[in-house]
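Colleague: A single structure is presented below for examination.
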Protein chains: 2
Amino acid sequence: METLRVALGSRSYPIHVGADIIDNAALYRPHLGAGGVAIVTNPVVAPLYLARLKRALAPDAVEILIEDGENAKRWESVDLVCEALLAARCGRDATIVALGGGVVGDLAGFAAAVYQRGVPFIQVPTTLLAQVDSSVGGKTAINHPCGKNMIGAFHQPRAVVADIATLDTLPVRELRAGLAEVIKHAAALDAGFFEWLEANVERLLARDRLALTHAVRRCCELKAGVVGADERESGVRAILNFGHTFGHAIEAAMGYGEWLHGEAVAAGMVMASELSARAGLLAASDCARVRSLIARAGLPVAGPAVAAERIIELMQVDKKAARGRARFVLLEAIGSARVRADLPESDVRAALDAGGVGRPSAAAAQ
Amino acid sequence: METLRVALGSRSYPIHVGADIIDNAALYRPHLGAGGVAIVTNPVVAPLYLARLKRALAPDAVEILIEDGENAKRWESVDLVCEALLAARCGRDATIVALGGGVVGDLAGFAAAVYQRGVPFIQVPTTLLAQVDSSVGGKTAINHPCGKNMIGAFHQPRAVVADIATLDTLPVRELRAGLAEVIKHAAALDAGFFEWLEANVERLLARDRLALTHAVRRCCELKAGVVGADERESGVRAILNFGHTFGHAIEAAMGYGEWLHGEAVAAGMVMASELSARAGLLAASDCARVRSLIARAGLPVAGPAVAAERIIELMQVDKKAARGRARFVLLEAIGSARVRADLPESDVRAALDAGGVGRPSAAAAQ
């Protein structure tokens with residue numbers, strides 16, 4: 001097991017990465033308050049890991065099940081969690097534990113942020129996407145019909161316990177979707193890691209534990225550095241949104257859950273790379289490397305068949321937009337990203353056009 | 001005009017108190033972002049002050065009206081505010097301005113806390129209760145059927161503009177409800193101010209502007225000191241909840257809006273004083289002074305005719321409760337409060353009994 005740290009002063013916290021650590025009680029003990037524990041999870045993850053986690057946490061932990069899938073990220077689920085916490089008489093000294101993927105973490109984290117004006121929570125991510133990205137950094141949210149993650153809070157967890165062994169049970173489509181965020185970290189922040197991915201993507205798809213541990217640890221390291229420097233995304237943190245301006249719009253246009261977040265981000269990264277090349281920032285050869293790695297991961301390199309108008313409209317209400325102007329994270333090179341809001345709409349349309357037809361490949365939709 | 005400051009490091013902010021300052025553009029200008037302004041108010045306050053405020057802020061400010069009354073403090077209203085912000089393409093650089101009483105401030109503040117994970121907001125309180133209490137300190141919330149303010153966030157405003165002249169249009173019942181929070185500050189924190197209130201409560205009821213300005217300024221000063229020392233209520237801030245353990249339970253038992261918050265807190269302060277006396281902390285003569293001042297303010301000194309069981313049950317799920325045990329703010333003397341969670345239920349029942357029958361006086365219910 002390896003332990004990293006997100007440095008945020010009094011809100012600093014550890015990220016534990018390793019195999020078969022989910023029921024290591026010592027990892028949780030320092031972070032549990034006096035007021036009991038509630039575990040938020042879903043009916044897919046519960047039969048796999050809930051009993052083991054509960055034994056490690058507290059035999060009388062409250063169990064709260066939300067529905068599986070992106071559709072759970074809505075107010076009704078937050079209300080359901082709060083209702084269960086109230087029924088169990090959980091006070092401000094209770095701890096919420098999120099057991100599951102990005103949806104469970106985002107939702108349970110948001111419930112923890114607003115229940116009684118904020119209670120502590122712990123992330124136990126069981127998908128690759130959650131382990132490498134969404135469980136770290138304190139972003140919590142639910143969706144709005146007009147845009148993904150439009151309602152939320154910054155609420156840092158007290159600890160993250162990423163058990164690589166839980167990836168054994170992950171459907172291959174979700175493994176690939178998680179790889180999209182791995183590729184994002186590398187493309188935006190670390191050329192050396194991108195090269196490592198080019199050499200090891202097949203090992204990751206084969207769930208080689210050493211390779212997965214390396215990838216999860218490196219992503220968490222990169223993300224912890226960015227979050228420590230800019231917790232609330234007033235600056236550098238925005239580059240972690242590489243692929244997300246297009247990606248969020250694709251998700252919203254298709255209806256949440258149709259495309260997995262990682263699939264939409266994958267197509268979004270291809271479009272953002274195209275846009276980077278058109279803006280004269282990125283060499284065509286590097287643009288091709290991004291596309292190629294995404295394709296090798298079994299992820300879509302083209303967006304869905306929706307009207308460009310709709311995507312452009314959705315991007316203008318994106319959280320990253322400033323004064324109704326869409327902002328994009330562009331690559332200057334593999335491993336080096338920057339934010340731009342001054343791009344001509346013709347370039348944006350051309351990038352959409354370059355990736356604007358087709359559906360996720362049959363492989364990705366398994 | 002007088003200006004105080006809540007000292008919270010990078011989140012410090014000014015409180016401006018004075019007559020006819022609501023349309024002083026210079027008070028708002030330093031706090032407005034680049035991304036537009038949205039004013040949240042209700043149909044009662046809008047005809048009185050919205051046009052003036054809008055001129056001072058921005059002629060193209062978005063207007064968002066929520067319903068009048070405590071019932072507005074529910075998720076549907078937050079959703080309505082977010083929907084309107086999205087429709088107006090408001091981004092993270094927009095500023096939300098809360099124009100109205102405690103309900104508008106709590107709701108607009110919570111919407112500001114969660115819209116796109118947090119946008120700046122400004123409080124323009126137009127009721128005595130909001131000016132002396134709820135607009136200062138960053139507590140925002142909505143209600144849950146099981147308890148008041150159960151869902152919320154700490155989100156500090158960028159500025160508070162308390163225009164004493166707006167109290168001219170306040171219904172007398174609400175003026176009195178505001179006085180309950182004024183009395184709370186004095187009873188819990190400042191014996192000298194309590195004496196001043198004993199000498200001046202009639203001037204306040206007559207809306208003497210000098211007296212009102214003094215009371216609002218002193219309450220804000222007291223509250224700013226407490227909030228600066230303990231923003232998230234991990235310690236001393238809890239004493240500002242004097243009267244609120246009983247008060248919140250009364251409100252929840254009656255259904256929100258039946259009793260005004262200040263009325264419930266008034267009866268709650270009488271019960272908490274009784275409890276303080278029974279616990280051997282407070283002299284009977286001081287207990288009588290609290291009761292007398294509350295009565296002179298035209299506020300209820302007895303709770304509604306509901307079963308003690310129901311109140312006790314509701315107090316156990318109060319946010320201040322620890323491990324299901326109700327916590328009370330007790331007086332050791334006028335101007336000196338402390339938190340206690342170890343009180344025998346027999347004393348709590350006796351205190352409820354002492355204030356447990358009757359309804360708000362005809363005067364208070366006008």
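By order in the structure tokens, chains are A, B, ...; within a chain, residues start at 1; ligands start at 1, following the order shown.
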What's the 7 Å shell around Lys73 of chain B, counting only C-alpha atoms, without same-chain residues fewer than 6 positions away, as a list in words?

Modeller: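 After dropping sequence-adjacent residues, the list is Val103, Leu107, Ile142 and Asn143 of chain B.
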
Colleague: What are the residues of chain B lining chain A at 9 Å or less? Count only C-alpha atoms, and put the answer as a ChimeraX atom specification.

Modeller: /B:34-36,75,79,82-83,86-87,89-94,111,113-118,139-141,144,146-147,149-154,232,316-324

Colleague: Could you pull out all residues of segment 122-198 of chain B with a DSSP call of strand (DSSP E) and give them as a list in words?

Modeller: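 DSSP on the backbone gives strand (DSSP E) at Ile122, Gln123, Val124, Pro125, Lys139, Thr140, Ala141, Ile142, Asn143, His144, Gly147, Lys148, Asn149, Met150, Ile151, Gly152, Ala153, Phe154, Ala159, Val160, Val161, Ala162 and Asp163 of chain B.
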
Colleague: Report as a list in words all protein, DNA and RNA residues lying within 9 Å of Ala46 of chain B, evaluated on only C-alpha atoms, omitting residues in the same chain fewer than 4 positions from it.

Modeller: Thr41, Asn42, Leu50, Ala51, Leu65, Leu99 and Gly100 of chain B

Colleague: For the selection just defined, write its residues with N, CA and C atoms to a file, as an mmCIF file, in the first residue's frame.

Modeller:
data_model
loop_
_atom_site.group_PDB
_atom_site.id
_atom_site.type_symbol
_atom_site.label_atom_id
_atom_site.label_comp_id
_atom_site.auth_asym_id
_atom_site.auth_seq_id
_atom_site.Cartn_x
_atom_site.Cartn_y
_atom_site.Cartn_z
ATOM 1 N N THR B 41 -35.691 37.868 -4.225
ATOM 2 C CA THR B 41 -36.569 38.545 -3.277
ATOM 3 C C THR B 41 -37.937 37.875 -3.322
ATOM 4 N N ASN B 42 -38.938 38.486 -2.701
ATOM 5 C CA ASN B 42 -40.277 37.880 -2.727
ATOM 6 C C ASN B 42 -41.325 38.943 -3.088
ATOM 7 N N LEU B 50 -37.266 46.742 -4.676
ATOM 8 C CA LEU B 50 -36.508 46.125 -5.768
ATOM 9 C C LEU B 50 -36.016 47.139 -6.795
ATOM 10 N N ALA B 51 -36.880 48.074 -7.185
ATOM 11 C CA ALA B 51 -36.503 49.040 -8.230
ATOM 12 C C ALA B 51 -35.321 49.894 -7.771
ATOM 13 N N LEU B 65 -38.068 35.915 -8.075
ATOM 14 C CA LEU B 65 -39.008 36.003 -6.956
ATOM 15 C C LEU B 65 -39.345 34.618 -6.418
ATOM 16 N N LEU B 99 -32.472 40.105 -1.164
ATOM 17 C CA LEU B 99 -33.221 41.283 -0.713
ATOM 18 C C LEU B 99 -34.462 40.813 0.034
ATOM 19 N N GLY B 100 -34.437 40.935 1.360
ATOM 20 C CA GLY B 100 -35.605 40.513 2.133
ATOM 21 C C GLY B 100 -35.218 40.105 3.541
#

Colleague: Per residue of segment 175-229 of chain A within 9 Å of segment 264-281 of chain A, record the nearest atom pair and its distance in Å to one decimal, counting only C-alpha atoms, with rows in chain order and ascending residue number, as a tab-separated table.

Modeller:
residue	atom	partner	partner_atom	distance
A:Ala177	CA	A:Ala266	CA	8.0
A:Leu179	CA	A:Ala266	CA	8.9
A:Ala180	CA	A:Ala266	CA	5.5
A:Glu181	CA	A:Val265	CA	7.7
A:Ile183	CA	A:Ala266	CA	8.6
A:Lys184	CA	A:Met269	CA	7.6
